[in-house]
>>> print(open('input-v1.cif').read())   # mmCIF, C-alpha atoms, pLDDT in the B column; chains and numbers go by the auth columns
data_entry
#
loop_
_atom_site.group_PDB
_atom_site.id
_atom_site.type_symbol
_atom_site.label_atom_id
_atom_site.label_comp_id
_atom_site.label_asym_id
_atom_site.label_seq_id
_atom_site.Cartn_x
_atom_site.Cartn_y
_atom_site.Cartn_z
_atom_site.B_iso_or_equiv
_atom_site.auth_seq_id
_atom_site.auth_asym_id
ATOM 1 C CA MET A 1 143.123 148.044 27.702 53.00 1 A
ATOM 2 C CA SER A 2 142.152 146.259 24.579 52.00 2 A
ATOM 3 C CA LYS A 3 142.224 148.011 21.275 53.00 3 A
ATOM 4 C CA SER A 4 138.491 147.624 20.732 51.00 4 A
ATOM 5 C CA ALA A 5 137.615 149.111 24.141 52.00 5 A
ATOM 6 C CA SER A 6 139.702 152.217 23.528 52.00 6 A
ATOM 7 C CA SER A 7 138.262 152.776 20.047 57.00 7 A
ATOM 8 C CA GLU A 8 134.628 152.579 21.182 67.00 8 A
ATOM 9 C CA GLN A 9 132.788 155.838 20.980 65.00 9 A
ATOM 10 C CA PRO A 10 130.649 156.950 23.919 61.00 10 A
ATOM 11 C CA PRO A 11 126.930 156.852 23.188 59.00 11 A
ATOM 12 C CA PRO A 12 125.625 160.072 21.706 56.00 12 A
ATOM 13 C CA GLN A 13 124.261 162.484 24.248 58.00 13 A
ATOM 14 C CA PRO A 14 120.719 163.689 23.724 53.00 14 A
ATOM 15 C CA THR A 15 120.452 167.199 22.406 56.00 15 A
ATOM 16 C CA GLU A 16 118.462 169.838 24.247 56.00 16 A
ATOM 17 C CA GLN A 17 115.769 169.603 21.593 59.00 17 A
ATOM 18 C CA GLU A 18 115.111 165.834 22.030 60.00 18 A
ATOM 19 C CA PRO A 19 113.730 166.077 25.602 61.00 19 A
ATOM 20 C CA GLN A 20 111.602 169.036 24.508 67.00 20 A
ATOM 21 C CA GLU A 21 110.195 167.030 21.590 75.00 21 A
ATOM 22 C CA LEU A 22 109.446 164.086 23.886 69.00 22 A
ATOM 23 C CA SER A 23 107.842 166.402 26.419 68.00 23 A
ATOM 24 C CA HIS A 24 105.747 167.955 23.659 72.00 24 A
ATOM 25 C CA ARG A 25 104.599 164.506 22.412 79.00 25 A
ATOM 26 C CA VAL A 26 103.716 163.365 25.944 75.00 26 A
ATOM 27 C CA LEU A 27 101.911 166.640 26.567 72.00 27 A
ATOM 28 C CA ASN A 28 99.819 166.302 23.428 75.00 28 A
ATOM 29 C CA THR A 29 99.071 162.614 23.998 82.00 29 A
ATOM 30 C CA VAL A 30 97.838 163.123 27.558 79.00 30 A
ATOM 31 C CA GLY A 31 95.784 166.119 26.472 78.00 31 A
ATOM 32 C CA TYR A 32 94.164 164.138 23.665 82.00 32 A
ATOM 33 C CA ILE A 33 93.394 161.186 25.955 86.00 33 A
ATOM 34 C CA LEU A 34 91.715 163.519 28.450 87.00 34 A
ATOM 35 C CA GLY A 35 90.049 165.372 25.592 85.00 35 A
ATOM 36 C CA ILE A 36 88.546 162.131 24.298 89.00 36 A
ATOM 37 C CA SER A 37 87.591 160.610 27.642 89.00 37 A
ATOM 38 C CA TYR A 38 85.811 163.713 28.914 91.00 38 A
ATOM 39 C CA PRO A 39 83.271 163.950 26.063 92.00 39 A
ATOM 40 C CA LEU A 40 82.591 160.213 26.421 91.00 40 A
ATOM 41 C CA LEU A 41 81.885 160.665 30.115 88.00 41 A
ATOM 42 C CA ALA A 42 79.771 163.739 29.280 91.00 42 A
ATOM 43 C CA LEU A 43 77.724 161.715 26.810 93.00 43 A
ATOM 44 C CA SER A 44 77.144 158.950 29.336 90.00 44 A
ATOM 45 C CA THR A 45 76.255 161.194 32.261 90.00 45 A
ATOM 46 C CA GLY A 46 74.336 163.662 30.113 93.00 46 A
ATOM 47 C CA ALA A 47 72.161 160.938 28.612 94.00 47 A
ATOM 48 C CA ARG A 48 71.509 159.544 32.065 90.00 48 A
ATOM 49 C CA GLY A 49 70.631 162.934 33.537 91.00 49 A
ATOM 50 C CA VAL A 50 68.370 164.011 30.672 92.00 50 A
ATOM 51 C CA TYR A 51 66.607 160.644 30.666 92.00 51 A
ATOM 52 C CA GLN A 52 65.972 160.839 34.410 88.00 52 A
ATOM 53 C CA LEU A 53 64.824 164.469 34.231 88.00 53 A
ATOM 54 C CA LEU A 54 62.539 164.196 31.228 89.00 54 A
ATOM 55 C CA PHE A 55 61.520 160.611 30.577 88.00 55 A
ATOM 56 C CA LYS A 56 61.846 158.416 33.669 85.00 56 A
ATOM 57 C CA GLU A 57 58.586 158.019 35.487 85.00 57 A
ATOM 58 C CA GLY A 58 58.359 158.336 39.233 80.00 58 A
ATOM 59 C CA VAL A 59 61.347 160.633 39.725 76.00 59 A
ATOM 60 C CA THR A 60 60.272 162.891 42.559 75.00 60 A
ATOM 61 C CA ASN A 61 63.667 164.279 43.580 79.00 61 A
ATOM 62 C CA LYS A 62 64.981 166.209 40.578 85.00 62 A
ATOM 63 C CA LEU A 63 68.198 167.182 42.371 87.00 63 A
ATOM 64 C CA ALA A 64 70.077 163.985 41.505 87.00 64 A
ATOM 65 C CA PRO A 65 69.412 164.079 37.732 90.00 65 A
ATOM 66 C CA ALA A 66 70.031 167.827 37.694 91.00 66 A
ATOM 67 C CA LEU A 67 73.438 167.316 39.344 91.00 67 A
ATOM 68 C CA THR A 68 74.224 164.532 36.875 90.00 68 A
ATOM 69 C CA THR A 69 73.325 166.802 33.950 93.00 69 A
ATOM 70 C CA PHE A 70 75.389 169.627 35.488 94.00 70 A
ATOM 71 C CA SER A 71 78.367 167.270 35.724 92.00 71 A
ATOM 72 C CA ALA A 72 77.988 166.472 32.006 93.00 72 A
ATOM 73 C CA VAL A 73 78.114 170.192 31.184 94.00 73 A
ATOM 74 C CA LEU A 74 81.282 170.560 33.272 94.00 74 A
ATOM 75 C CA TYR A 75 82.855 167.629 31.405 92.00 75 A
ATOM 76 C CA ILE A 76 82.214 169.306 28.055 93.00 76 A
ATOM 77 C CA VAL A 77 83.540 172.668 29.270 93.00 77 A
ATOM 78 C CA ALA A 78 86.678 170.996 30.650 91.00 78 A
ATOM 79 C CA ALA A 79 87.221 169.065 27.406 88.00 79 A
ATOM 80 C CA ILE A 80 87.401 172.258 25.368 84.00 80 A
ATOM 81 C CA GLY A 81 90.590 173.243 27.161 80.00 81 A
ATOM 82 C CA PHE A 82 92.258 169.952 26.361 81.00 82 A
ATOM 83 C CA PHE A 83 92.095 170.755 22.644 80.00 83 A
ATOM 84 C CA LYS A 84 92.116 174.544 22.459 85.00 84 A
ATOM 85 C CA ARG A 85 95.527 175.776 23.533 83.00 85 A
ATOM 86 C CA THR A 86 94.815 179.318 24.703 90.00 86 A
ATOM 87 C CA ARG A 87 95.245 180.997 28.057 92.00 87 A
ATOM 88 C CA THR A 88 91.470 181.548 28.325 93.00 88 A
ATOM 89 C CA ALA A 89 90.703 177.884 27.545 91.00 89 A
ATOM 90 C CA TRP A 90 93.241 176.868 30.204 92.00 90 A
ATOM 91 C CA ARG A 91 91.560 179.075 32.823 93.00 91 A
ATOM 92 C CA VAL A 92 88.097 177.812 31.900 93.00 92 A
ATOM 93 C CA SER A 93 89.229 174.183 32.069 93.00 93 A
ATOM 94 C CA VAL A 94 91.009 174.639 35.393 95.00 94 A
ATOM 95 C CA SER A 95 87.887 176.318 36.779 96.00 95 A
ATOM 96 C CA ALA A 96 85.598 173.548 35.482 95.00 96 A
ATOM 97 C CA LEU A 97 87.864 170.822 36.858 95.00 97 A
ATOM 98 C CA THR A 98 88.114 172.568 40.219 97.00 98 A
ATOM 99 C CA ILE A 99 84.315 172.825 40.451 97.00 99 A
ATOM 100 C CA GLU A 100 84.058 169.191 39.366 95.00 100 A
ATOM 101 C CA THR A 101 86.561 168.035 41.988 96.00 101 A
ATOM 102 C CA ILE A 102 84.775 169.930 44.750 97.00 102 A
ATOM 103 C CA GLY A 103 81.427 168.591 43.519 95.00 103 A
ATOM 104 C CA VAL A 104 82.622 164.985 43.476 96.00 104 A
ATOM 105 C CA LEU A 105 84.066 165.296 46.975 97.00 105 A
ATOM 106 C CA VAL A 106 81.022 167.052 48.465 96.00 106 A
ATOM 107 C CA ILE A 107 78.350 164.988 46.682 95.00 107 A
ATOM 108 C CA GLY A 108 80.342 161.787 47.181 95.00 108 A
ATOM 109 C CA THR A 109 80.567 162.433 50.906 96.00 109 A
ATOM 110 C CA LEU A 110 76.910 163.480 51.235 94.00 110 A
ATOM 111 C CA SER A 111 75.773 160.436 49.265 93.00 111 A
ATOM 112 C CA ILE A 112 77.367 158.265 51.937 94.00 112 A
ATOM 113 C CA THR A 113 76.452 160.291 55.026 95.00 113 A
ATOM 114 C CA HIS A 114 72.988 161.499 53.885 92.00 114 A
ATOM 115 C CA PRO A 115 71.903 159.282 50.948 87.00 115 A
ATOM 116 C CA ASP A 116 68.285 160.513 50.973 86.00 116 A
ATOM 117 C CA LEU A 117 69.317 164.152 50.696 86.00 117 A
ATOM 118 C CA ILE A 118 71.214 163.899 47.410 83.00 118 A
ATOM 119 C CA GLY A 119 69.833 160.833 45.707 83.00 119 A
ATOM 120 C CA HIS A 120 71.731 158.901 43.069 85.00 120 A
ATOM 121 C CA THR A 121 73.979 161.067 40.843 87.00 121 A
ATOM 122 C CA ALA A 122 77.026 160.519 38.662 87.00 122 A
ATOM 123 C CA TRP A 123 79.068 161.773 41.614 91.00 123 A
ATOM 124 C CA SER A 124 77.381 159.550 44.226 92.00 124 A
ATOM 125 C CA LYS A 125 79.849 157.519 46.232 94.00 125 A
ATOM 126 C CA PHE A 126 82.640 159.361 44.400 95.00 126 A
ATOM 127 C CA GLY A 127 81.546 158.085 40.980 90.00 127 A
ATOM 128 C CA LEU A 128 81.220 154.410 41.885 92.00 128 A
ATOM 129 C CA ASP A 129 78.768 153.767 38.998 87.00 129 A
ATOM 130 C CA TYR A 130 81.351 155.100 36.547 84.00 130 A
ATOM 131 C CA GLY A 131 84.361 153.229 37.886 90.00 131 A
ATOM 132 C CA PHE A 132 85.427 156.243 39.978 92.00 132 A
ATOM 133 C CA PHE A 133 86.245 158.164 36.776 87.00 133 A
ATOM 134 C CA PRO A 134 84.386 161.242 38.087 89.00 134 A
ATOM 135 C CA LEU A 135 86.853 161.310 40.991 93.00 135 A
ATOM 136 C CA ILE A 136 90.027 160.347 39.130 91.00 136 A
ATOM 137 C CA GLN A 137 89.616 162.336 35.909 91.00 137 A
ATOM 138 C CA PRO A 138 89.476 165.850 37.355 93.00 138 A
ATOM 139 C CA LEU A 139 92.521 165.121 39.495 92.00 139 A
ATOM 140 C CA LEU A 140 94.434 163.874 36.442 89.00 140 A
ATOM 141 C CA GLY A 141 93.148 166.796 34.393 91.00 141 A
ATOM 142 C CA LEU A 142 94.199 169.347 36.995 93.00 142 A
ATOM 143 C CA ALA A 143 97.605 167.709 37.372 89.00 143 A
ATOM 144 C CA TRP A 144 98.063 167.862 33.605 88.00 144 A
ATOM 145 C CA LEU A 145 96.825 171.441 33.236 91.00 145 A
ATOM 146 C CA LEU A 146 98.935 172.679 36.163 91.00 146 A
ATOM 147 C CA TRP A 147 102.075 170.898 34.916 87.00 147 A
ATOM 148 C CA LYS A 148 104.631 173.536 33.894 87.00 148 A
ATOM 149 C CA PRO A 149 105.056 172.389 30.243 82.00 149 A
ATOM 150 C CA THR A 150 101.265 172.439 29.833 84.00 150 A
ATOM 151 C CA ARG A 151 100.991 175.928 31.284 88.00 151 A
ATOM 152 C CA GLN A 152 103.737 177.055 28.915 85.00 152 A
ATOM 153 C CA ALA A 153 101.969 175.472 25.950 82.00 153 A
ATOM 154 C CA TYR A 154 98.871 177.472 26.859 85.00 154 A
ATOM 155 C CA GLY A 155 100.824 180.697 27.071 84.00 155 A
ATOM 156 C CA GLY A 156 101.080 180.799 30.857 74.00 156 A
ATOM 157 C CA ALA A 157 104.059 181.054 33.161 61.00 157 A
#
>>> encode(input="input-v1.cif", output="structure tokens")
Amino acid sequence: MSKSASSEQPPPQPTEQEPQELSHRVLNTVGYILGISYPLLALSTGARGVYQLLFKEGVTNKLAPALTTFSAVLYIVAAIGFFKRTRTAWRVSVSALTIETIGVLVIGTLSITHPDLIGHTAWSKFGLDYGFFPLIQPLLGLAWLLWKPTRQAYGGA
């Protein structure tokens, strides 16, 4: 063995605290991204729903704009839990995202199988008008909220 090879030091091993710090940074970053994207989606869908309910002429089926407005309310409720790190906020956000996921799947399916029944909502065709964000976001949000480090950060098990 050469002298230089034997005198080389092994690379330092990460301490236990370094992975925890990285995990904490990733956790916060993902939470902030979801916390920012949800209010933006709420603004978009809420404006659309309110406009269709109150100002658009010729809207005879109020179900579609009402569902769109309801989805905007769910987005705001879910967003609160991405910023407020309490056990109650976690439960509220998980509940809102679960309702949202079920809504997207049911309304998305009905909009394809019975388009006249539902009309055109933010959840129609699984959120096609919004780049499928209404389908993808609650799944990402639930995955993030149910992730063990996130649950721990919120004071859960």
>>> resolve_selection(input="input-v1.cif", expression="the PyMOL selection byres ((chain A and resi 153) around 12)", output="list in words")
Gln20, Ser23, His24, Arg25, Leu27, Asn28, Gly31, Gly81, Phe82, Phe83, Lys84, Arg85, Thr86, Arg87, Ala89, Trp90, Trp144, Leu145, Leu146, Trp147, Lys148, Pro149, Thr150, Arg151, Gln152, Tyr154, Gly155, Gly156 and Ala157 of chain A
>>> resolve_selection(input="input-v1.cif", expression="the PyMOL selection byres ((chain A and resi 76) around 12)", output="number ranges by chain")
A: 34-46, 69-75, 77-83, 92-93, 96-97, 100
>>> atom_distance(input="input-v1.cif", atom1="atom CA of A:Val106", atom2="atom CA of A:Val30")
27.1 Å
>>> closest_residue(input="input-v1.cif", among="A:Lys125, A:Thr68, A:Thr101, A:Val94", to="A:Thr113", atoms="only C-alpha atoms")
A:Lys125
>>> residues_around(input="input-v1.cif", residues="A:Lys56", least_positions_apart="6", cutoff="12 Å", atoms="only C-alpha atoms", output="JSON, numbers by chain")
{"A": [47, 48, 49, 50, 62, 65]}
>>> atom_distance(input="input-v1.cif", atom1="atom CA of A:Trp123", atom2="atom CA of A:Tyr51")
16.6 Å
>>> closest_residue(input="input-v1.cif", among="A:Ala122, A:Ile102, A:Ile112, A:Val26", to="A:Ala64", atoms="all atoms listed in the file")
A:Ala122
>>> closest_residue(input="input-v1.cif", among="A:Ala66, A:Leu135, A:Leu54, A:Val59", to="A:Thr121", atoms="all atoms listed in the file")
A:Ala66
>>> axis_aligned_box(input="input-v1.cif", around="stretch 127-139 of chain A", padding_each_side="3 Å", output="JSON")
{"center_x": 85.6, "center_y": 159.5, "center_z": 38.9, "size_x": 19.8, "size_y": 18.6, "size_z": 12.0}
>>> atom_distance(input="input-v1.cif", atom1="atom CA of A:Pro134", atom2="atom CA of A:Tyr32")
17.7 Å
>>> residues_near_point(input="input-v1.cif", point="(71.5, 164.2, 48.0)", cutoff="10 Å", atoms="all atoms listed in the file", output="PyMOL selection string")
chain A and resi 61+63-64+67+106-121+124
